[in-house]
$ cat entry-v4.txt   # compact mmCIF, C-alpha atoms
# COMPACT_ATOMS: atom_id res chain seq x y z
CA MET P 1 -30.78 26.10 -3.64
CA ASP P 2 -27.94 28.33 -4.79
CA TRP P 3 -26.55 28.37 -1.25
CA LEU P 4 -25.60 24.70 -1.70
CA TYR P 5 -23.07 25.71 -4.37
CA ILE P 6 -19.84 27.67 -4.03
CA ASP P 7 -17.77 29.15 -6.83
CA MET P 8 -14.28 27.77 -7.31
CA PRO P 9 -12.14 30.94 -7.65
CA ILE P 10 -9.27 29.30 -9.56
CA ALA P 11 -11.05 26.64 -11.67
CA GLY P 12 -13.93 29.07 -12.35
CA PHE P 13 -17.11 27.00 -11.86
CA PRO P 14 -19.63 26.29 -9.05
CA ILE P 15 -19.48 23.05 -7.04
CA PHE P 16 -21.95 21.29 -4.70
CA TRP P 17 -20.14 21.80 -1.37
CA PRO P 18 -22.07 19.19 0.73
CA GLY P 19 -20.87 16.60 -1.79
CA LEU P 20 -17.28 17.64 -1.12
CA ILE P 21 -17.76 17.21 2.64
CA VAL P 22 -19.35 13.76 2.23
CA LEU P 23 -16.61 12.70 -0.18
CA GLY P 24 -13.95 13.98 2.23
CA PHE P 25 -15.51 12.17 5.21
CA GLY P 26 -15.89 8.86 3.38
CA VAL P 27 -12.43 8.88 1.89
CA GLY P 28 -10.94 10.06 5.21
CA LEU P 29 -12.59 7.11 6.90
CA ILE P 30 -11.43 4.66 4.25
CA GLY P 31 -7.96 6.21 3.97
CA GLY P 32 -7.37 6.06 7.71
CA PHE P 33 -8.44 2.41 7.69
CA PHE P 34 -6.44 1.25 4.66
CA GLY P 35 -3.42 3.48 5.25
CA MET P 36 -3.75 5.59 2.11
CA GLY P 37 -4.53 9.16 1.23
CA GLY P 38 -7.54 7.95 -0.77
CA GLY P 39 -6.54 9.78 -3.96
CA TRP P 40 -7.40 6.65 -5.95
CA MET P 41 -11.03 7.49 -5.12
CA VAL P 42 -10.93 11.29 -4.78
CA THR P 43 -9.28 12.12 -8.12
CA PRO P 44 -11.84 10.21 -10.25
CA GLY P 45 -14.56 11.38 -7.84
CA LEU P 46 -13.66 15.06 -8.38
CA ASN P 47 -13.39 14.45 -12.12
CA ILE P 48 -16.89 12.93 -12.11
CA LEU P 49 -18.17 15.99 -10.17
CA GLY P 50 -16.85 18.24 -12.95
CA PHE P 51 -13.24 19.14 -12.11
CA PRO P 52 -10.82 19.03 -15.07
CA MET P 53 -8.36 16.16 -14.50
CA ALA P 54 -5.33 18.37 -13.81
CA PHE P 55 -7.30 20.36 -11.18
CA ALA P 56 -8.71 17.13 -9.71
CA ILE P 57 -5.16 15.81 -9.25
CA GLY P 58 -3.75 18.98 -7.66
CA THR P 59 -6.78 19.56 -5.40
CA ASP P 60 -6.84 15.96 -4.22
CA ILE P 61 -3.14 15.93 -3.35
CA THR P 62 -3.54 19.13 -1.30
CA HIS P 63 -6.55 17.79 0.64
CA MET P 64 -4.80 14.46 1.11
CA ALA P 65 -1.75 15.99 2.79
CA GLY P 66 -3.71 17.43 5.71
CA LYS P 67 -5.88 14.33 6.18
CA SER P 68 -2.95 11.93 6.13
CA LEU P 69 -1.08 14.00 8.71
CA ILE P 70 -4.05 13.66 11.10
CA SER P 71 -4.19 9.88 10.53
CA THR P 72 -0.42 9.51 10.98
CA LEU P 73 -0.50 11.16 14.41
CA ARG P 74 -3.28 8.79 15.45
CA HIS P 75 -1.49 5.68 14.12
CA GLY P 76 1.70 6.78 15.87
CA ARG P 77 -0.10 6.50 19.21
CA PHE P 78 -0.80 2.82 18.43
CA GLY P 79 2.83 2.10 17.45
CA ASN P 80 1.89 1.51 13.79
CA VAL P 81 4.40 3.92 12.21
CA ASP P 82 8.03 3.14 11.36
CA TYR P 83 9.33 6.71 11.10
CA ARG P 84 12.83 5.67 10.01
CA LEU P 85 11.45 3.69 7.09
CA GLY P 86 9.12 6.55 6.13
CA LEU P 87 11.89 9.16 6.23
CA ILE P 88 14.22 7.05 4.06
CA MET P 89 11.43 6.65 1.50
CA VAL P 90 11.09 10.43 1.22
CA PHE P 91 14.19 10.62 -0.99
CA GLY P 92 12.69 8.39 -3.67
CA THR P 93 9.20 9.88 -3.32
CA VAL P 94 10.23 13.49 -3.96
CA GLY P 95 12.27 12.62 -7.06
CA GLY P 96 9.57 10.38 -8.47
CA PHE P 97 6.80 12.86 -7.73
CA GLU P 98 8.48 15.76 -9.52
CA ALA P 99 9.10 13.56 -12.57
CA GLY P 100 5.42 12.56 -12.56
CA ALA P 101 4.17 16.15 -12.18
CA GLN P 102 6.29 17.27 -15.14
CA LEU P 103 4.84 14.41 -17.20
CA VAL P 104 1.27 15.54 -16.38
CA MET P 105 2.09 19.10 -17.48
CA TRP P 106 3.40 17.74 -20.79
CA LEU P 107 0.32 15.53 -21.29
CA GLU P 108 -1.92 18.54 -20.57
CA ARG P 109 -0.09 20.60 -23.21
CA ILE P 110 -0.70 17.93 -25.87
CA GLY P 111 -4.30 17.38 -24.73
CA LYS P 112 -3.87 13.76 -23.64
CA VAL P 113 -3.92 14.00 -19.84
CA ASP P 114 -7.47 12.60 -19.33
CA PHE P 115 -6.88 9.68 -21.70
CA TYR P 116 -3.58 8.52 -20.22
CA VAL P 117 -4.49 9.14 -16.57
CA ARG P 118 -7.72 7.15 -16.81
CA HIS P 119 -6.07 4.25 -18.65
CA GLY P 120 -3.13 4.38 -16.24
CA TYR P 121 -5.54 4.12 -13.32
CA LEU P 122 -7.25 1.14 -14.90
CA VAL P 123 -4.02 -0.81 -15.50
CA LEU P 124 -2.71 -0.04 -12.02
CA LEU P 125 -5.97 -1.00 -10.29
CA ALA P 126 -6.12 -4.29 -12.23
CA LEU P 127 -2.55 -5.17 -11.18
CA ILE P 128 -3.20 -4.28 -7.52
CA ALA P 129 -6.44 -6.27 -7.42
CA TRP P 130 -4.68 -9.31 -8.92
CA LEU P 131 -1.86 -9.01 -6.38
CA VAL P 132 -4.15 -8.72 -3.34
CA PHE P 133 -6.51 -11.56 -4.24
CA THR P 134 -3.68 -13.85 -5.39
CA ASP P 135 -2.04 -13.29 -2.01
CA ILE P 136 -5.28 -14.10 -0.17
CA VAL P 137 -5.83 -17.32 -2.15
CA ARG P 138 -2.24 -18.50 -1.58
CA LYS P 139 -2.39 -17.64 2.12
CA ARG P 140 -5.56 -19.68 2.58
CA ARG P 141 -4.01 -22.60 0.67
CA LYS P 142 -0.97 -22.50 2.98
CA ASP P 143 -3.24 -22.48 6.04
CA ARG P 144 -5.21 -25.48 4.75
CA GLU P 145 -2.02 -27.41 4.01
CA ALA P 146 -0.67 -26.65 7.51
CA ILE P 147 -3.91 -27.86 9.13
CA ALA P 148 -3.94 -31.02 6.98
CA ALA P 149 -0.35 -31.77 7.99
CA GLY P 150 -1.14 -31.22 11.67
CA ARG P 151 1.05 -28.10 11.90
CA GLN P 152 0.15 -24.86 13.64
CA VAL P 153 -1.05 -22.11 11.30
CA ASP P 154 1.45 -19.23 11.09
CA SER P 155 -0.61 -16.05 11.53
CA LEU P 156 2.30 -13.90 10.28
CA SER P 157 2.87 -15.77 7.00
CA THR P 158 1.75 -14.32 3.67
CA GLY P 159 0.68 -15.87 0.39
CA ILE P 160 3.09 -13.78 -1.68
CA GLU P 161 6.59 -13.52 -0.21
CA TRP P 162 8.55 -11.53 -2.75
CA HIS P 163 10.17 -9.56 0.09
CA LYS P 164 12.19 -12.61 1.13
CA ARG P 165 13.98 -12.64 -2.22
CA LEU P 166 14.48 -8.88 -2.24
CA HIS P 167 15.98 -8.97 1.27
CA LYS P 168 18.79 -11.12 -0.17
CA LEU P 169 20.03 -8.05 -2.07
CA ARG P 170 22.59 -6.91 0.49
CA ILE P 171 23.61 -3.62 -1.15
CA PRO P 172 25.01 -1.26 1.53
CA PRO P 173 23.85 0.45 3.60
CA ILE P 174 21.87 -2.25 5.39
CA VAL P 175 19.31 -0.73 7.77
CA HIS P 176 17.28 -2.25 10.61
CA PHE P 177 13.70 -0.98 10.82
CA LYS P 178 12.70 -1.79 14.37
CA GLN P 179 8.97 -1.02 14.25
CA ALA P 180 8.51 -3.00 11.02
CA GLY P 181 10.74 -5.81 12.29
CA ILE P 182 12.81 -6.05 9.10
CA ARG P 183 16.44 -5.59 8.02
CA CYS P 184 17.20 -4.78 4.38
CA SER P 185 19.18 -2.55 2.01
CA ALA P 186 18.15 1.11 2.21
CA TRP P 187 17.99 1.09 -1.61
CA LEU P 188 14.95 -1.21 -1.52
CA PRO P 189 12.53 1.30 0.10
CA ILE P 190 14.12 4.16 -1.87
CA GLY P 191 13.47 2.33 -5.16
CA VAL P 192 9.90 1.44 -4.18
CA SER P 193 9.18 5.02 -3.12
CA PHE P 194 10.55 6.45 -6.40
CA ILE P 195 8.10 4.33 -8.39
CA THR P 196 5.19 5.22 -6.12
CA GLY P 197 6.20 8.89 -6.20
CA LEU P 198 6.17 8.80 -10.01
CA LEU P 199 2.69 7.27 -9.98
CA ALA P 200 1.59 9.86 -7.40
CA GLY P 201 2.62 12.71 -9.66
CA VAL P 202 0.96 11.24 -12.76
CA LEU P 203 -2.25 9.83 -11.26
CA GLY P 204 -2.84 12.32 -8.46
CA ILE P 205 -2.56 9.78 -5.68
CA GLY P 206 -0.40 9.94 -2.60
CA GLY P 207 1.26 6.72 -3.75
CA GLY P 208 -0.59 4.78 -1.06
CA LEU P 209 -2.57 2.74 -3.57
CA ILE P 210 0.62 0.97 -4.60
CA ARG P 211 2.90 1.79 -1.63
CA MET P 212 0.77 0.05 1.00
CA PRO P 213 0.86 -3.31 -0.87
CA ALA P 214 4.51 -2.64 -1.81
CA LEU P 215 5.41 -2.20 1.87
CA ILE P 216 3.79 -5.57 2.57
CA TYR P 217 4.86 -7.65 -0.43
CA LEU P 218 8.18 -6.05 -1.46
CA ILE P 219 9.56 -4.71 1.84
CA GLY P 220 7.92 -7.18 4.24
CA CYS P 221 6.08 -4.91 6.72
CA PRO P 222 3.27 -6.33 8.86
CA THR P 223 -0.08 -5.02 7.58
CA HIS P 224 -0.81 -2.64 10.48
CA VAL P 225 2.71 -1.13 10.31
CA ALA P 226 2.41 -0.78 6.52
CA VAL P 227 -0.85 1.16 7.06
CA GLY P 228 0.65 3.65 9.52
CA THR P 229 4.01 4.06 7.74
CA ASP P 230 2.31 4.57 4.40
CA LEU P 231 0.12 7.34 5.82
CA PHE P 232 3.25 9.04 7.17
CA GLU P 233 4.79 8.87 3.70
CA VAL P 234 1.54 10.05 2.07
CA ALA P 235 1.51 13.12 4.34
CA ILE P 236 5.07 14.03 3.32
CA SER P 237 4.59 13.44 -0.40
CA GLY P 238 1.22 15.22 -0.23
CA LEU P 239 2.77 18.36 1.27
CA TYR P 240 5.41 18.42 -1.44
CA GLY P 241 2.81 17.71 -4.12
CA ALA P 242 0.49 20.44 -2.86
CA GLY P 243 3.28 22.99 -3.19
CA SER P 244 4.28 21.72 -6.63
CA TYR P 245 0.75 21.75 -8.11
CA SER P 246 -0.15 25.06 -6.42
CA TYR P 247 2.92 26.65 -8.01
CA LYS P 248 1.72 25.33 -11.38
CA GLY P 249 -1.77 26.83 -10.79
CA ARG P 250 -3.62 23.49 -10.76
CA THR P 251 -4.87 23.43 -7.15
CA GLU P 252 -8.31 24.55 -5.98
CA LEU P 253 -7.52 25.35 -2.34
CA LEU P 254 -11.12 26.17 -1.40
CA ALA P 255 -12.35 22.71 -2.46
CA ALA P 256 -9.45 21.05 -0.62
CA LEU P 257 -10.33 22.90 2.60
CA VAL P 258 -14.03 21.98 2.33
CA MET P 259 -13.14 18.29 1.87
CA LEU P 260 -10.73 18.45 4.79
CA VAL P 261 -13.62 19.36 7.13
CA GLY P 262 -15.18 15.94 6.56
CA ALA P 263 -11.86 14.11 6.15
CA SER P 264 -10.49 15.22 9.53
CA VAL P 265 -13.39 13.47 11.30
CA GLY P 266 -13.43 10.38 9.07
CA ALA P 267 -9.67 9.84 9.34
CA GLN P 268 -9.83 9.66 13.14
CA ILE P 269 -12.55 6.98 13.07
CA GLY P 270 -10.90 4.95 10.30
CA THR P 271 -7.55 4.92 12.10
CA VAL P 272 -9.02 3.66 15.38
CA ALA P 273 -10.97 0.97 13.47
CA THR P 274 -7.68 -0.72 12.48
CA LYS P 275 -7.39 -1.82 16.12
CA TYR P 276 -10.35 -4.12 15.56
CA VAL P 277 -9.63 -5.47 12.05
CA ARG P 278 -6.14 -6.82 11.46
CA GLY P 279 -4.07 -8.45 8.71
CA TYR P 280 -6.04 -10.15 5.97
CA GLY P 281 -9.33 -8.57 7.00
CA ILE P 282 -7.92 -5.22 5.90
CA ARG P 283 -6.42 -6.70 2.71
CA ILE P 284 -9.70 -8.33 1.59
CA PHE P 285 -11.69 -5.09 1.81
CA PHE P 286 -8.82 -3.17 0.21
CA GLY P 287 -9.07 -5.53 -2.78
CA ILE P 288 -12.85 -5.03 -3.02
CA ALA P 289 -12.37 -1.24 -2.98
CA VAL P 290 -9.80 -1.44 -5.78
CA VAL P 291 -12.07 -3.56 -7.99
CA GLY P 292 -15.03 -1.20 -7.48
CA CYS P 293 -12.95 1.83 -8.36
CA ALA P 294 -11.64 0.11 -11.51
CA VAL P 295 -15.18 -0.66 -12.70
CA SER P 296 -16.21 2.99 -12.25
CA ILE P 297 -13.32 4.08 -14.47
CA VAL P 298 -14.36 1.53 -17.13
CA PHE P 299 -17.80 3.17 -17.17
CA LYS P 300 -16.19 6.57 -17.81
CA LEU P 301 -14.07 5.13 -20.65
CA PHE P 302 -17.16 3.58 -22.28
CA ALA P 303 -18.94 6.92 -21.90
CA ASP P 304 -16.22 8.53 -24.06
CA ALA P 305 -16.42 5.72 -26.62
CA PHE P 306 -20.25 5.65 -26.85
CA PRO P 307 -21.59 9.24 -26.69
CA SER P 308 -25.21 8.07 -27.08
CA ALA P 309 -25.00 6.24 -23.73
CA ARG P 310 -22.88 8.90 -21.99
CA SER P 311 -25.59 10.03 -19.54
CA LEU P 312 -26.36 6.49 -18.37
CA LEU P 313 -22.69 5.49 -18.07
CA ASP P 314 -21.71 8.71 -16.27
CA LEU P 315 -24.59 8.17 -13.83
CA SER P 316 -23.50 4.55 -13.32
CA ALA P 317 -19.93 5.62 -12.58
CA THR P 318 -21.12 8.24 -10.09
CA VAL P 319 -23.51 5.84 -8.33
CA LEU P 320 -20.83 3.13 -8.16
CA ILE P 321 -18.09 5.36 -6.70
CA LEU P 322 -20.47 6.94 -4.16
CA GLY P 323 -21.96 3.54 -3.33
CA LEU P 324 -18.48 2.10 -2.84
CA VAL P 325 -17.45 4.91 -0.51
CA THR P 326 -20.74 4.61 1.40
CA SER P 327 -20.58 0.80 1.76
CA LEU P 328 -16.98 0.74 2.93
CA SER P 329 -17.61 3.66 5.28
CA LEU P 330 -20.58 1.85 6.84
CA TYR P 331 -18.54 -1.35 7.26
CA ILE P 332 -15.69 0.53 8.97
CA LEU P 333 -18.12 2.44 11.19
CA ILE P 334 -19.83 -0.80 12.24
CA ARG P 335 -16.51 -2.47 13.06
CA PHE P 336 -15.44 0.64 14.95
CA ILE P 337 -18.63 0.64 17.05
CA GLN P 338 -18.48 -3.13 17.66
CA GLY P 339 -14.82 -2.99 18.64
CA ALA P 340 -15.32 0.01 20.92
CA ARG P 341 -18.23 -1.72 22.67
CA GLN P 342 -16.18 -4.90 23.20
CA GLU P 343 -13.27 -2.89 24.54
CA LEU P 344 -15.52 -1.02 26.97
CA ALA P 345 -17.16 -4.28 28.11
CA MET P 346 -13.74 -5.85 28.76
CA LYS P 347 -12.66 -2.76 30.65
CA ARG P 348 -15.77 -2.92 32.85
CA GLN P 349 -15.16 -6.63 33.53
CA SER P 350 -11.57 -5.91 34.50
CA GLU P 351 -12.65 -3.09 36.82
CA SER P 352 -15.30 -5.35 38.39
CA ALA P 353 -12.74 -8.11 38.94
CA HIS P 354 -10.36 -5.66 40.64
CA ALA P 355 -13.22 -4.36 42.80
CA VAL P 356 -14.08 -7.91 43.97
CA ARG P 357 -10.46 -8.53 44.94

$ encode --input "entry-v4.txt" --output "structure tokens"
Amino acid sequence: MDWLYIDMPIAGFPIFWPGLIVLGFGVGLIGGFFGMGGGWMVTPGLNILGFPMAFAIGTDITHMAGKSLISTLRHGRFGNVDYRLGLIMVFGTVGGFEAGAQLVMWLERIGKVDFYVRHGYLVLLALIAWLVFTDIVRKRRKDREAIAAGRQVDSLSTGIEWHKRLHKLRIPPIVHFKQAGIRCSAWLPIGVSFITGLLAGVLGIGGGLIRMPALIYLIGCPTHVAVGTDLFEVAISGLYGAGSYSYKGRTELLAALVMLVGASVGAQIGTVATKYVRGYGIRIFFGIAVVGCAVSIVFKLFADAFPSARSLLDLSATVLILGLVTSLSLYILIRFIQGARQELAMKRQSESAHAVR
């Protein structure tokens, strides 16, 4: 079975290449659907498969850049990308990313990179999960109150509306983002992107894990526009990050290319699936994915704390992360197939009606 393993020329160890393709496909599918590069799953996934954390971060960012570019082009066809907003956010992303990458190099030198990255992931995932589910609960409460009062439910309202307060900060220049349907200070998206860029450099994510909810709750983008715009930003930050980590010798290009084979297919399907699941449907499953990923990291932390149970806890973390990717991938595939069938049926009905006329 040696043919199922390929040697990593830079990291210096063999890896199970079918696992890389499956991981790439699943995360490409999920990333295209949620509007993220998927690094919040790939980095811990690669670490679980045996990559040192610094190599896992650099390899993931490189793979993520190509996959996100494919998804962005697809989302652009559906009108889900605000290119002006994405380009403005580049300024903050690049500065934040370089600061984060330098911090990782310092943590690696002092031997603390695995400890701080894993704990950083856990804190961030907990905050994101709280934000998403709090928003969902408040949104449903608003809808119930509107129905009880005899008012029409506002499909565009959100449970958390922090963006309305932030839009009152009228620091010039004020920019209108047509596709997102918002008007705010350019410093708002720049500030948000700096923070997400910093997290991207430290945690090995494209920033999408926090930028997608930030685009919704802090900047005020509709969910489907936040998905497409975030992928555009992930592609840009990923390209910069790939160059930065490759220069530092922490990128396994062969593994990134193998994952991209599966990711290029998965990203196409996940992107089209957003046509059939809108708004809070996407947010609910995003929250579930975040919680599952957080639990897998807890298992890895317990494995370090209790060496006697390391094998069981490592296996549990692996099963959970692969099960999460598989479950979400199956859900997205099912919604994609159902939506495509409905669309084809409606098209046939329309053609039949025209034929009768």

$ closest_residue --input "entry-v4.txt" --among "P:Ile128, P:Leu313, P:Ala65, P:Val258" --to "Leu301 (chain P)" --atoms "only C-alpha atoms"
P:Leu313

$ atom_distance --input "entry-v4.txt" --atom1 "CA of Arg144 (chain P)" --atom2 "CA of Ala214 (chain P)"
25.7 Å

$ closest_residue --input "entry-v4.txt" --among "P:Pro189, P:Val94, P:Met259, P:Gly32" --to "Ser329 (chain P)" --atoms "only C-alpha atoms"
P:Gly32

$ atom_distance --input "entry-v4.txt" --atom1 "CA of Cys221 (chain P)" --atom2 "CA of Ile182 (chain P)"
7.2 Å

$ closest_residue --input "entry-v4.txt" --among "P:Lys164, P:Arg77, P:Gly228, P:Arg250" --to "Pro52 (chain P)" --atoms "all atoms listed in the file"
P:Arg250

$ atom_distance --input "entry-v4.txt" --atom1 "CA of Glu98 (chain P)" --atom2 "CA of Val202 (chain P)"
9.4 Å

$ residues_around --input "entry-v4.txt" --residues "Val81 (chain P)" --least-positions-apart "5" --cutoff "7 Å" --atoms "all atoms listed in the file" --output "list in words"
His75, Gly76, Val225, Gly228 and Thr229 of chain P

$ closest_residue --input "entry-v4.txt" --among "P:Trp106, P:Phe286, P:Phe306, P:Tyr240" --to "Val325 (chain P)" --atoms "all atoms listed in the file"
P:Phe286

$ closest_residue --input "entry-v4.txt" --among "P:Glu108, P:Glu161, P:Glu233, P:Asp82" --to "Gln179 (chain P)" --atoms "all atoms listed in the file"
P:Asp82

$ closest_residue --input "entry-v4.txt" --among "P:Tyr331, P:Phe194, P:Tyr121, P:Trp187" --to "Pro172 (chain P)" --atoms "only C-alpha atoms"
P:Trp187

$ residues_around --input "entry-v4.txt" --residues "Asp114 (chain P)" --least-positions-apart "6" --cutoff "12 Å" --atoms "all atoms listed in the file" --output "PDB file with C-alpha atoms, in the frame of the given file"
ATOM      1  CA  THR P  43      -9.280  12.120  -8.120  1.00  0.00           C
ATOM      2  CA  PRO P  44     -11.840  10.210 -10.250  1.00  0.00           C
ATOM      3  CA  ASN P  47     -13.390  14.450 -12.120  1.00  0.00           C
ATOM      4  CA  ILE P  48     -16.890  12.930 -12.110  1.00  0.00           C
ATOM      5  CA  PHE P  51     -13.240  19.140 -12.110  1.00  0.00           C
ATOM      6  CA  PRO P  52     -10.820  19.030 -15.070  1.00  0.00           C
ATOM      7  CA  MET P  53      -8.360  16.160 -14.500  1.00  0.00           C
ATOM      8  CA  ALA P  54      -5.330  18.370 -13.810  1.00  0.00           C
ATOM      9  CA  PHE P  55      -7.300  20.360 -11.180  1.00  0.00           C
ATOM     10  CA  ALA P  56      -8.710  17.130  -9.710  1.00  0.00           C
ATOM     11  CA  ILE P  57      -5.160  15.810  -9.250  1.00  0.00           C
ATOM     12  CA  VAL P 104       1.270  15.540 -16.380  1.00  0.00           C
ATOM     13  CA  MET P 105       2.090  19.100 -17.480  1.00  0.00           C
ATOM     14  CA  LEU P 107       0.320  15.530 -21.290  1.00  0.00           C
ATOM     15  CA  GLU P 108      -1.920  18.540 -20.570  1.00  0.00           C
ATOM     16  CA  GLY P 120      -3.130   4.380 -16.240  1.00  0.00           C
ATOM     17  CA  TYR P 121      -5.540   4.120 -13.320  1.00  0.00           C
ATOM     18  CA  VAL P 202       0.960  11.240 -12.760  1.00  0.00           C
ATOM     19  CA  LEU P 203      -2.250   9.830 -11.260  1.00  0.00           C
ATOM     20  CA  GLY P 204      -2.840  12.320  -8.460  1.00  0.00           C
ATOM     21  CA  ILE P 297     -13.320   4.080 -14.470  1.00  0.00           C
ATOM     22  CA  LYS P 300     -16.190   6.570 -17.810  1.00  0.00           C
ATOM     23  CA  LEU P 301     -14.070   5.130 -20.650  1.00  0.00           C
ATOM     24  CA  ASP P 304     -16.220   8.530 -24.060  1.00  0.00           C
TER      25      ASP P 304
END

$ residues_near_point --input "entry-v4.txt" --point "(17.9, -0.1, 7.2)" --cutoff "10 Å" --atoms "all atoms listed in the file" --output "ChimeraX atom specification"
/P:84-85,88,172-178,182-189

$ residues_around --input "entry-v4.txt" --residues "region 261-278 of chain P" --least-positions-apart "6" --cutoff "8 Å" --atoms "all atoms listed in the file" --output "number ranges by chain"
P: 21-33, 67-68, 70-71, 74-75, 223-224, 332-333, 335-336, 339

$ write_last_selection --input "entry-v4.txt" --atoms "C-alpha atoms" --output "PDB file, in the frame of the given file"
ATOM      1  CA  ILE P  21     -17.760  17.210   2.640  1.00  0.00           C
ATOM      2  CA  VAL P  22     -19.350  13.760   2.230  1.00  0.00           C
ATOM      3  CA  LEU P  23     -16.610  12.700  -0.180  1.00  0.00           C
ATOM      4  CA  GLY P  24     -13.950  13.980   2.230  1.00  0.00           C
ATOM      5  CA  PHE P  25     -15.510  12.170   5.210  1.00  0.00           C
ATOM      6  CA  GLY P  26     -15.890   8.860   3.380  1.00  0.00           C
ATOM      7  CA  VAL P  27     -12.430   8.880   1.890  1.00  0.00           C
ATOM      8  CA  GLY P  28     -10.940  10.060   5.210  1.00  0.00           C
ATOM      9  CA  LEU P  29     -12.590   7.110   6.900  1.00  0.00           C
ATOM     10  CA  ILE P  30     -11.430   4.660   4.250  1.00  0.00           C
ATOM     11  CA  GLY P  31      -7.960   6.210   3.970  1.00  0.00           C
ATOM     12  CA  GLY P  32      -7.370   6.060   7.710  1.00  0.00           C
ATOM     13  CA  PHE P  33      -8.440   2.410   7.690  1.00  0.00           C
ATOM     14  CA  LYS P  67      -5.880  14.330   6.180  1.00  0.00           C
ATOM     15  CA  SER P  68      -2.950  11.930   6.130  1.00  0.00           C
ATOM     16  CA  ILE P  70      -4.050  13.660  11.100  1.00  0.00           C
ATOM     17  CA  SER P  71      -4.190   9.880  10.530  1.00  0.00           C
ATOM     18  CA  ARG P  74      -3.280   8.790  15.450  1.00  0.00           C
ATOM     19  CA  HIS P  75      -1.490   5.680  14.120  1.00  0.00           C
ATOM     20  CA  THR P 223      -0.080  -5.020   7.580  1.00  0.00           C
ATOM     21  CA  HIS P 224      -0.810  -2.640  10.480  1.00  0.00           C
ATOM     22  CA  ILE P 332     -15.690   0.530   8.970  1.00  0.00           C
ATOM     23  CA  LEU P 333     -18.120   2.440  11.190  1.00  0.00           C
ATOM     24  CA  ARG P 335     -16.510  -2.470  13.060  1.00  0.00           C
ATOM     25  CA  PHE P 336     -15.440   0.640  14.950  1.00  0.00           C
ATOM     26  CA  GLY P 339     -14.820  -2.990  18.640  1.00  0.00           C
TER      27      GLY P 339
END

$ residues_around --input "entry-v4.txt" --residues "Val290 (chain P)" --least-positions-apart "4" --cutoff "10 Å" --atoms "only C-alpha atoms" --output "number ranges by chain"
P: 40-41, 122, 124-130, 132, 209, 285-286, 294-295, 324

$ decode --input "entry-v4.txt" --residues "region 261-275 of chain P" --atoms "C-alpha atoms" --output "CSV table (one decimal), in the first residue's frame"
chain,number,residue,atom,x,y,z
P,261,VAL,CA,-7.5,18.7,-7.0
P,262,GLY,CA,-10.4,17.9,-4.7
P,263,ALA,CA,-11.1,21.5,-3.7
P,264,SER,CA,-11.6,22.8,-7.2
P,265,VAL,CA,-14.5,20.4,-7.7
P,266,GLY,CA,-16.0,20.9,-4.3
P,267,ALA,CA,-15.8,24.7,-4.5
P,268,GLN,CA,-17.9,24.7,-7.6
P,269,ILE,CA,-20.7,22.6,-6.1
P,270,GLY,CA,-20.7,24.5,-2.8
P,271,THR,CA,-20.9,27.9,-4.5
P,272,VAL,CA,-23.9,26.9,-6.7
P,273,ALA,CA,-25.6,25.4,-3.6
P,274,THR,CA,-25.9,28.9,-2.1
P,275,LYS,CA,-28.6,29.6,-4.7
